[in-house]
$ cat run-v2.csv   # CSV, C-alpha atoms and all ligand atoms
chain,number,residue,atom,x,y,z
X,1,MET,CA,21.3,202.6,10.9
X,2,ASP,CA,17.5,202.8,11.2
X,3,LEU,CA,16.7,200.4,14.0
X,4,HIS,CA,13.0,200.3,13.0
X,5,ILE,CA,11.6,201.0,16.5
X,6,GLN,CA,10.4,204.5,16.0
X,7,GLY,CA,6.9,204.9,17.5
X,8,LYS,CA,7.2,201.9,19.8
X,9,THR,CA,6.8,202.2,23.6
X,10,ALA,CA,9.4,201.3,26.1
X,11,LEU,CA,9.2,200.9,29.9
X,12,VAL,CA,12.6,201.4,31.5
X,13,VAL,CA,12.7,200.9,35.3
X,14,ALA,CA,15.2,202.2,37.8
X,15,ALA,CA,16.0,204.9,35.1
X,16,SER,CA,16.4,208.2,36.9
X,17,ARG,CA,20.2,207.8,37.0
X,18,GLY,CA,23.1,205.7,35.7
X,19,LEU,CA,22.6,202.8,33.3
X,20,GLY,CA,18.8,202.9,33.2
X,21,LYS,CA,18.7,206.6,32.4
X,22,ALA,CA,21.3,206.1,29.6
X,23,ALA,CA,19.1,203.3,28.2
X,24,ALA,CA,16.0,205.4,28.3
X,25,LEU,CA,17.8,208.3,26.6
X,26,ALA,CA,19.2,206.1,23.9
X,27,LEU,CA,15.8,204.5,23.1
X,28,ALA,CA,14.2,208.0,23.1
X,29,GLN,CA,16.8,209.1,20.5
X,30,GLU,CA,15.5,206.3,18.3
X,31,GLY,CA,12.0,207.8,18.5
X,32,VAL,CA,10.6,205.3,21.1
X,33,ASN,CA,8.0,206.7,23.6
X,34,ILE,CA,9.3,206.1,27.1
X,35,CYS,CA,8.1,205.5,30.6
X,36,VAL,CA,10.8,205.9,33.2
X,37,ALA,CA,10.4,204.8,36.9
X,38,ALA,CA,12.4,205.2,40.0
X,39,ARG,CA,11.7,206.0,43.7
X,40,ASP,CA,12.9,209.6,44.1
X,41,VAL,CA,10.3,211.7,42.4
X,42,ASN,CA,12.5,214.9,42.0
X,43,THR,CA,15.4,213.1,40.2
X,44,LEU,CA,12.9,211.1,38.2
X,45,ASN,CA,11.1,214.2,37.0
X,46,GLN,CA,14.4,215.9,36.1
X,47,THR,CA,15.4,212.9,34.1
X,48,ALA,CA,12.0,212.8,32.2
X,49,GLU,CA,12.5,216.5,31.5
X,50,GLU,CA,16.0,216.0,30.2
X,51,ILE,CA,14.8,213.2,27.8
X,52,ARG,CA,12.0,215.5,26.6
X,53,GLN,CA,14.5,218.3,25.8
X,54,HIS,CA,16.6,215.9,23.7
X,55,THR,CA,13.8,214.4,21.7
X,56,SER,CA,10.2,214.9,20.6
X,57,ILE,CA,8.8,211.6,21.8
X,58,ARG,CA,6.3,211.1,24.7
X,59,VAL,CA,7.8,210.7,28.1
X,60,LEU,CA,6.0,209.5,31.2
X,61,ALA,CA,7.6,209.4,34.7
X,62,VAL,CA,6.0,207.2,37.3
X,63,PRO,CA,7.5,207.1,40.8
X,64,ALA,CA,7.8,203.4,41.8
X,65,ASP,CA,9.8,201.0,44.0
X,66,VAL,CA,10.5,198.0,41.8
X,67,SER,CA,10.7,195.7,44.8
X,68,SER,CA,7.0,196.4,45.6
X,69,ARG,CA,4.4,194.4,43.7
X,70,HIS,CA,1.8,197.0,44.4
X,71,ASP,CA,4.0,199.7,42.8
X,72,LEU,CA,4.7,197.6,39.8
X,73,GLU,CA,0.9,197.0,39.2
X,74,ARG,CA,0.3,200.7,39.5
X,75,LEU,CA,3.2,201.4,37.1
X,76,ALA,CA,2.0,198.9,34.5
X,77,GLN,CA,-1.5,200.4,34.6
X,78,ALA,CA,-0.2,203.9,34.2
X,79,VAL,CA,1.9,203.0,31.1
X,80,ARG,CA,-1.0,201.2,29.5
X,81,GLN,CA,-3.3,204.2,30.1
X,82,GLU,CA,-0.9,206.9,29.0
X,83,LEU,CA,1.3,205.3,26.4
X,84,GLY,CA,-0.5,202.0,25.4
X,85,ALA,CA,1.0,198.5,25.3
X,86,VAL,CA,4.7,198.1,26.2
X,87,ASP,CA,6.8,196.9,23.2
X,88,ILE,CA,10.2,197.1,24.9
X,89,LEU,CA,10.8,196.3,28.6
X,90,VAL,CA,14.1,197.1,30.2
X,91,ASN,CA,14.3,195.5,33.6
X,92,ASN,CA,16.7,197.2,36.0
X,93,ALA,CA,17.0,197.9,39.7
X,94,GLY,CA,19.4,199.2,42.3
X,95,GLY,CA,22.1,196.8,43.3
X,96,PRO,CA,21.7,194.8,46.5
X,97,ARG,CA,24.0,195.6,49.4
X,98,PRO,CA,27.6,194.5,49.2
X,99,GLY,CA,29.2,192.2,51.8
X,100,LEU,CA,30.4,188.8,52.7
X,101,PHE,CA,28.2,185.7,52.8
X,102,VAL,CA,28.4,185.4,56.6
X,103,GLU,CA,27.1,189.0,57.0
X,104,MET,CA,23.8,188.3,55.1
X,105,SER,CA,20.6,187.6,57.0
X,106,ASP,CA,17.5,185.9,55.6
X,107,GLU,CA,16.0,189.4,55.3
X,108,ASP,CA,19.0,190.6,53.1
X,109,TRP,CA,18.5,187.6,50.8
X,110,LEU,CA,14.8,188.1,50.5
X,111,GLN,CA,15.2,191.8,49.8
X,112,ALA,CA,17.8,191.1,47.1
X,113,PHE,CA,15.5,188.5,45.6
X,114,ASN,CA,12.6,190.9,45.5
X,115,LEU,CA,14.7,193.8,44.1
X,116,ASN,CA,16.7,192.0,41.4
X,117,PHE,CA,14.7,188.9,40.5
X,118,MET,CA,11.0,189.4,41.4
X,119,SER,CA,10.9,192.9,39.9
X,120,ALA,CA,11.9,191.5,36.5
X,121,ALA,CA,9.7,188.4,36.8
X,122,ARG,CA,6.7,190.5,37.7
X,123,LEU,CA,7.1,193.2,35.0
X,124,SER,CA,7.8,190.5,32.4
X,125,ARG,CA,4.6,188.7,33.4
X,126,MET,CA,2.6,192.0,33.2
X,127,VAL,CA,3.8,193.0,29.7
X,128,LEU,CA,3.9,189.5,28.0
X,129,PRO,CA,0.1,189.1,27.3
X,130,SER,CA,0.0,192.2,25.0
X,131,MET,CA,3.4,191.3,23.4
X,132,ARG,CA,2.1,187.8,22.6
X,133,GLU,CA,-1.1,189.3,21.2
X,134,ARG,CA,0.8,191.7,18.9
X,135,ARG,CA,3.5,189.0,18.2
X,136,TRP,CA,6.4,191.4,18.9
X,137,GLY,CA,8.3,192.2,22.1
X,138,ARG,CA,11.7,192.8,23.6
X,139,ILE,CA,12.6,192.1,27.2
X,140,ILE,CA,16.1,193.2,28.2
X,141,ASN,CA,17.5,192.6,31.7
X,142,ILE,CA,20.3,194.7,33.1
X,143,THR,CA,22.3,192.2,35.2
X,144,SER,CA,26.0,192.3,35.9
X,145,ILE,CA,29.3,190.8,34.8
X,146,GLY,CA,29.0,189.0,38.1
X,147,VAL,CA,26.7,186.4,36.4
X,148,LYS,CA,29.7,185.3,34.4
X,149,GLN,CA,32.5,185.9,36.9
X,150,PRO,CA,31.3,186.4,40.5
X,151,MET,CA,32.5,189.6,42.0
X,152,PRO,CA,34.2,189.6,45.4
X,153,ASN,CA,32.1,191.0,48.2
X,154,LEU,CA,28.9,191.0,46.1
X,155,VAL,CA,27.4,187.6,47.1
X,156,LEU,CA,23.8,188.8,46.9
X,157,SER,CA,24.2,190.3,43.5
X,158,ASN,CA,26.1,187.3,42.1
X,159,ALA,CA,23.6,184.7,43.3
X,160,VAL,CA,20.3,186.5,42.7
X,161,ARG,CA,21.2,187.8,39.2
X,162,THR,CA,22.3,184.3,38.1
X,163,GLY,CA,18.8,183.1,38.9
X,164,LEU,CA,17.4,185.9,36.8
X,165,VAL,CA,19.6,184.8,33.8
X,166,ALA,CA,18.3,181.2,34.2
X,167,MET,CA,14.7,182.4,34.4
X,168,SER,CA,15.2,184.6,31.3
X,169,LYS,CA,16.8,181.8,29.3
X,170,THR,CA,13.8,179.6,30.1
X,171,LEU,CA,11.3,182.3,29.2
X,172,ALA,CA,13.1,183.1,25.9
X,173,GLY,CA,12.4,179.6,24.7
X,174,GLN,CA,8.8,179.8,25.8
X,175,VAL,CA,8.0,183.1,23.9
X,176,ALA,CA,10.3,182.9,20.9
X,177,SER,CA,7.5,181.7,18.5
X,178,PHE,CA,5.6,184.9,19.4
X,179,GLY,CA,8.3,187.2,18.0
X,180,ILE,CA,9.4,188.1,21.6
X,181,THR,CA,13.1,188.1,22.5
X,182,VAL,CA,14.5,188.0,26.0
X,183,ASN,CA,18.1,188.9,26.6
X,184,ASN,CA,20.5,189.9,29.5
X,185,VAL,CA,23.2,192.5,29.3
X,186,CYS,CA,26.1,192.4,31.8
X,187,PRO,CA,27.8,195.6,32.6
X,188,GLY,CA,31.3,195.5,33.9
X,189,TYR,CA,32.6,198.4,36.0
X,190,THR,CA,30.8,201.4,34.5
X,191,MET,CA,31.1,205.0,35.8
X,192,THR,CA,27.8,205.6,37.7
X,193,GLU,CA,26.9,206.6,41.3
X,194,ARG,CA,26.6,202.9,42.1
X,195,VAL,CA,30.3,202.2,41.2
X,196,LEU,CA,31.4,205.3,43.2
X,197,ALA,CA,29.4,204.0,46.2
X,198,LEU,CA,31.0,200.5,45.9
X,199,ALA,CA,34.4,202.1,45.7
X,200,ALA,CA,33.8,204.1,48.8
X,201,ASN,CA,32.6,200.9,50.6
X,202,THR,CA,35.7,199.0,49.6
X,203,ALA,CA,37.9,202.0,50.6
X,204,SER,CA,36.4,202.1,54.1
X,205,GLN,CA,37.1,198.4,54.6
X,206,THR,CA,40.7,198.4,53.2
X,207,GLY,CA,42.1,201.8,54.4
X,208,LYS,CA,42.6,202.9,50.8
X,209,THR,CA,41.0,206.0,49.2
X,210,SER,CA,38.1,205.7,46.7
X,211,GLU,CA,40.5,207.0,44.0
X,212,GLU,CA,42.9,204.1,44.7
X,213,VAL,CA,40.0,201.6,44.5
X,214,ILE,CA,38.9,203.0,41.2
X,215,THR,CA,42.5,202.9,39.9
X,216,ALA,CA,42.6,199.2,40.9
X,217,MET,CA,39.3,198.5,39.0
X,218,GLU,CA,40.8,200.2,35.9
X,219,ALA,CA,43.9,198.1,36.2
X,220,SER,CA,41.8,194.9,36.2
X,221,ILE,CA,40.2,195.8,32.9
X,222,PRO,CA,42.1,195.1,29.6
X,223,MET,CA,40.9,198.5,28.3
X,224,HIS,CA,42.2,200.2,31.4
X,225,ARG,CA,39.1,202.3,31.9
X,226,LEU,CA,35.6,202.1,33.3
X,227,GLY,CA,32.7,201.8,30.9
X,228,LYS,CA,30.4,204.7,30.0
X,229,PRO,CA,26.7,204.2,30.6
X,230,GLU,CA,26.0,205.1,27.0
X,231,GLU,CA,28.1,202.1,25.8
X,232,LEU,CA,25.8,199.7,27.6
X,233,ALA,CA,22.8,201.7,26.4
X,234,ALA,CA,24.0,201.2,22.8
X,235,LEU,CA,23.9,197.4,23.3
X,236,ILE,CA,20.4,197.6,24.9
X,237,THR,CA,19.1,199.7,22.0
X,238,PHE,CA,20.4,197.3,19.4
X,239,LEU,CA,18.8,194.3,21.3
X,240,ALA,CA,15.6,196.3,21.2
X,241,SER,CA,15.8,196.8,17.4
X,242,GLU,CA,14.1,194.9,14.6
X,243,GLN,CA,17.6,193.8,13.4
X,244,ALA,CA,18.1,191.9,16.6
X,245,ALA,CA,15.0,189.8,16.0
X,246,TYR,CA,17.0,186.5,15.9
X,247,ILE,CA,19.0,187.2,19.1
X,248,THR,CA,17.3,185.6,22.1
X,249,GLY,CA,18.3,183.9,25.3
X,250,ALA,CA,21.6,185.6,25.1
X,251,THR,CA,23.7,187.0,28.0
X,252,ILE,CA,26.1,189.6,26.6
X,253,GLN,CA,28.8,191.4,28.5
X,254,CYS,CA,29.9,195.0,27.9
X,255,ASP,CA,32.9,195.2,30.1
X,256,GLY,CA,36.1,196.3,28.3
X,257,GLY,CA,37.3,192.7,28.3
X,258,TYR,CA,37.1,192.2,32.1
X,259,PHE,CA,35.6,188.8,31.8
X,260,GLN,CA,38.3,186.3,30.9
X,261,GLY,CA,36.2,183.2,30.3
X,262,LEU,CA,35.1,181.8,26.9
X,263,MET,CA,31.3,182.2,27.3
B,1,LIG,N1,27.6,200.6,37.3
B,1,LIG,C1,28.2,199.5,37.3
B,1,LIG,O1,29.4,199.4,37.2
B,1,LIG,C2,27.4,198.2,37.4
B,1,LIG,C3,28.0,197.0,37.1
B,1,LIG,C4,27.3,195.8,37.2
B,1,LIG,C5,26.0,195.9,37.5
B,1,LIG,N2,25.4,197.0,37.8
B,1,LIG,C6,24.0,197.0,38.2
B,1,LIG,O2,23.2,197.7,37.3
B,1,LIG,C7,22.1,198.3,38.0
B,1,LIG,C8,22.1,199.8,37.7
B,1,LIG,O3,23.3,200.3,38.2
B,1,LIG,P1,23.7,201.9,38.1
B,1,LIG,O4,25.2,201.8,38.2
B,1,LIG,O5,23.0,202.6,37.1
B,1,LIG,O6,23.2,202.4,39.6
B,1,LIG,P2,22.9,203.9,40.0
B,1,LIG,O7,23.7,204.9,39.3
B,1,LIG,O8,22.9,203.8,41.5
B,1,LIG,O9,21.3,204.1,39.6
B,1,LIG,C9,20.3,203.3,40.1
B,1,LIG,C10,19.0,203.7,39.6
B,1,LIG,O10,18.0,202.8,40.0
B,1,LIG,C11,17.0,203.4,40.8
B,1,LIG,N3,16.6,202.5,41.8
B,1,LIG,C12,17.3,202.0,42.8
B,1,LIG,N4,16.6,201.2,43.6
B,1,LIG,C13,15.3,201.2,43.1
B,1,LIG,C14,14.1,200.6,43.5
B,1,LIG,N5,14.0,199.8,44.5
B,1,LIG,N6,13.0,200.9,42.7
B,1,LIG,C15,13.1,201.7,41.6
B,1,LIG,N7,14.2,202.3,41.2
B,1,LIG,C16,15.3,202.0,41.9
B,1,LIG,C17,17.7,204.7,41.3
B,1,LIG,O11,16.7,205.7,41.6
B,1,LIG,P3,16.1,205.8,43.1
B,1,LIG,O12,17.2,205.6,44.1
B,1,LIG,O13,15.5,207.2,43.1
B,1,LIG,O14,15.0,204.8,43.1
B,1,LIG,C18,18.5,205.1,40.1
B,1,LIG,O15,17.7,205.7,39.1
B,1,LIG,C19,22.3,198.0,39.5
B,1,LIG,O16,21.5,196.8,39.8
B,1,LIG,C20,23.8,197.7,39.6
B,1,LIG,O17,24.1,196.9,40.6
B,1,LIG,C21,26.1,198.2,37.7
$ encode --input "run-v2.csv" --output "structure tokens"
Amino acid sequence: MDLHIQGKTALVVAASRGLGKAAALALAQEGVNICVAARDVNTLNQTAEEIRQHTSIRVLAVPADVSSRHDLERLAQAVRQELGAVDILVNNAGGPRPGLFVEMSDEDWLQAFNLNFMSAARLSRMVLPSMRERRWGRIINITSIGVKQPMPNLVLSNAVRTGLVAMSKTLAGQVASFGITVNNVCPGYTMTERVLALAANTASQTGKTSEEVITAMEASIPMHRLGKPEELAALITFLASEQAAYITGATIQCDGGYFQGLM
């Protein structure tokens, strides 16, 4: 299926590894020019090179910490200069630290808010004026299945990402008449370094091995396996397409059936 996004420009942040990288690769395969950002410059450059080898589009790599307003301003300026206006924004970030409510300080809460909420709010604000002018845009936030079914031991993630979903829903209504859609995708357990780190953390607290923790995760999923990053990337790419023009304000899970609720 031709998704009619060839030649457009996407900014995908937190994209040197895992879900963000898979989204960048999938969009690149549709002929979208890509800017990727993350903090570690070596991994980021390797990822940019990998995308270039798979495709013939333009790829820009900008080292940036998405929790820093200064870095985001520099990033937005670099994309504008090198690739032009952003048509597709994929908001992503590392996960906030796991732990119980009683373990979290004010600083932990504020860090999580900056990382997982303000990064998306700031970047959306930066790209919206040109999307409105050109009456076309796609904003897609990578959140978590925790926004539908809070995950044990991930209180920061559950709370802050739910705020992002509410912000996006409100924004979707405010920009719909400009041809701009705003949607959230919710990965369930998906095989990336983040999941391996969470499994190691749970293992250290429970006396189990990481393998046992992963096996328990798989058992909790009706499909009895973890997701693959490219499966979430396929959903993101479709939401970025012309065909998805009428889907906005939606929060869609990609979780192998993990979420048991109706909505
Ligand atoms: N995988 C899952 O099962 C799953 C499920 C639900 C939700 N999620 C959420 O989805 C997001 C992506 O997860 P993932 O599994 O792909 O994680 P990952 O494999 O650990 O990759 C995280 C990516 O984000 C970048 N990053 C982290 N902190 C950043 C920052 N402050 N500024 C810029 N880039 C940053 C990392 O690069 P640098 O470290 O070099 O910056 C890396 O490229 C996370 O928020 C995670 O909590 C994941």
$ residues_around --input "run-v2.csv" --residues "X:Val165" --least-positions-apart "3" --cutoff "12 Å" --atoms "all atoms listed in the file" --output "NGL selection string"
:X and (91 or 116-117 or 120-121 or 140-148 or 158-162 or 168-172 or 182-186 or 248-252)
$ residues_near_ligand --input "run-v2.csv" --ligand "ligand LIG 1 (chain B)" --cutoff "6 Å" --atoms "only C-alpha atoms and all ligand atoms" --output "ChimeraX atom specification"
/X:14-20,38-40,64-67,92-95,142-145,187-195
$ closest_residue --input "run-v2.csv" --among "X:Met104, X:Val127, X:Ala244, X:Ala219" --to "X:His4" --atoms "all atoms listed in the file"
X:Ala244
$ residues_near_point --input "run-v2.csv" --point "(18.0, 210.0, 33.6)" --cutoff "9 Å" --atoms "only C-alpha atoms" --output "PyMOL selection string"
chain X and resi 15-25+36+43-51
$ closest_residue --input "run-v2.csv" --among "X:Lys8, X:Leu262, X:Pro129, X:Cys254" --to "X:Ala234" --atoms "all atoms listed in the file"
X:Cys254
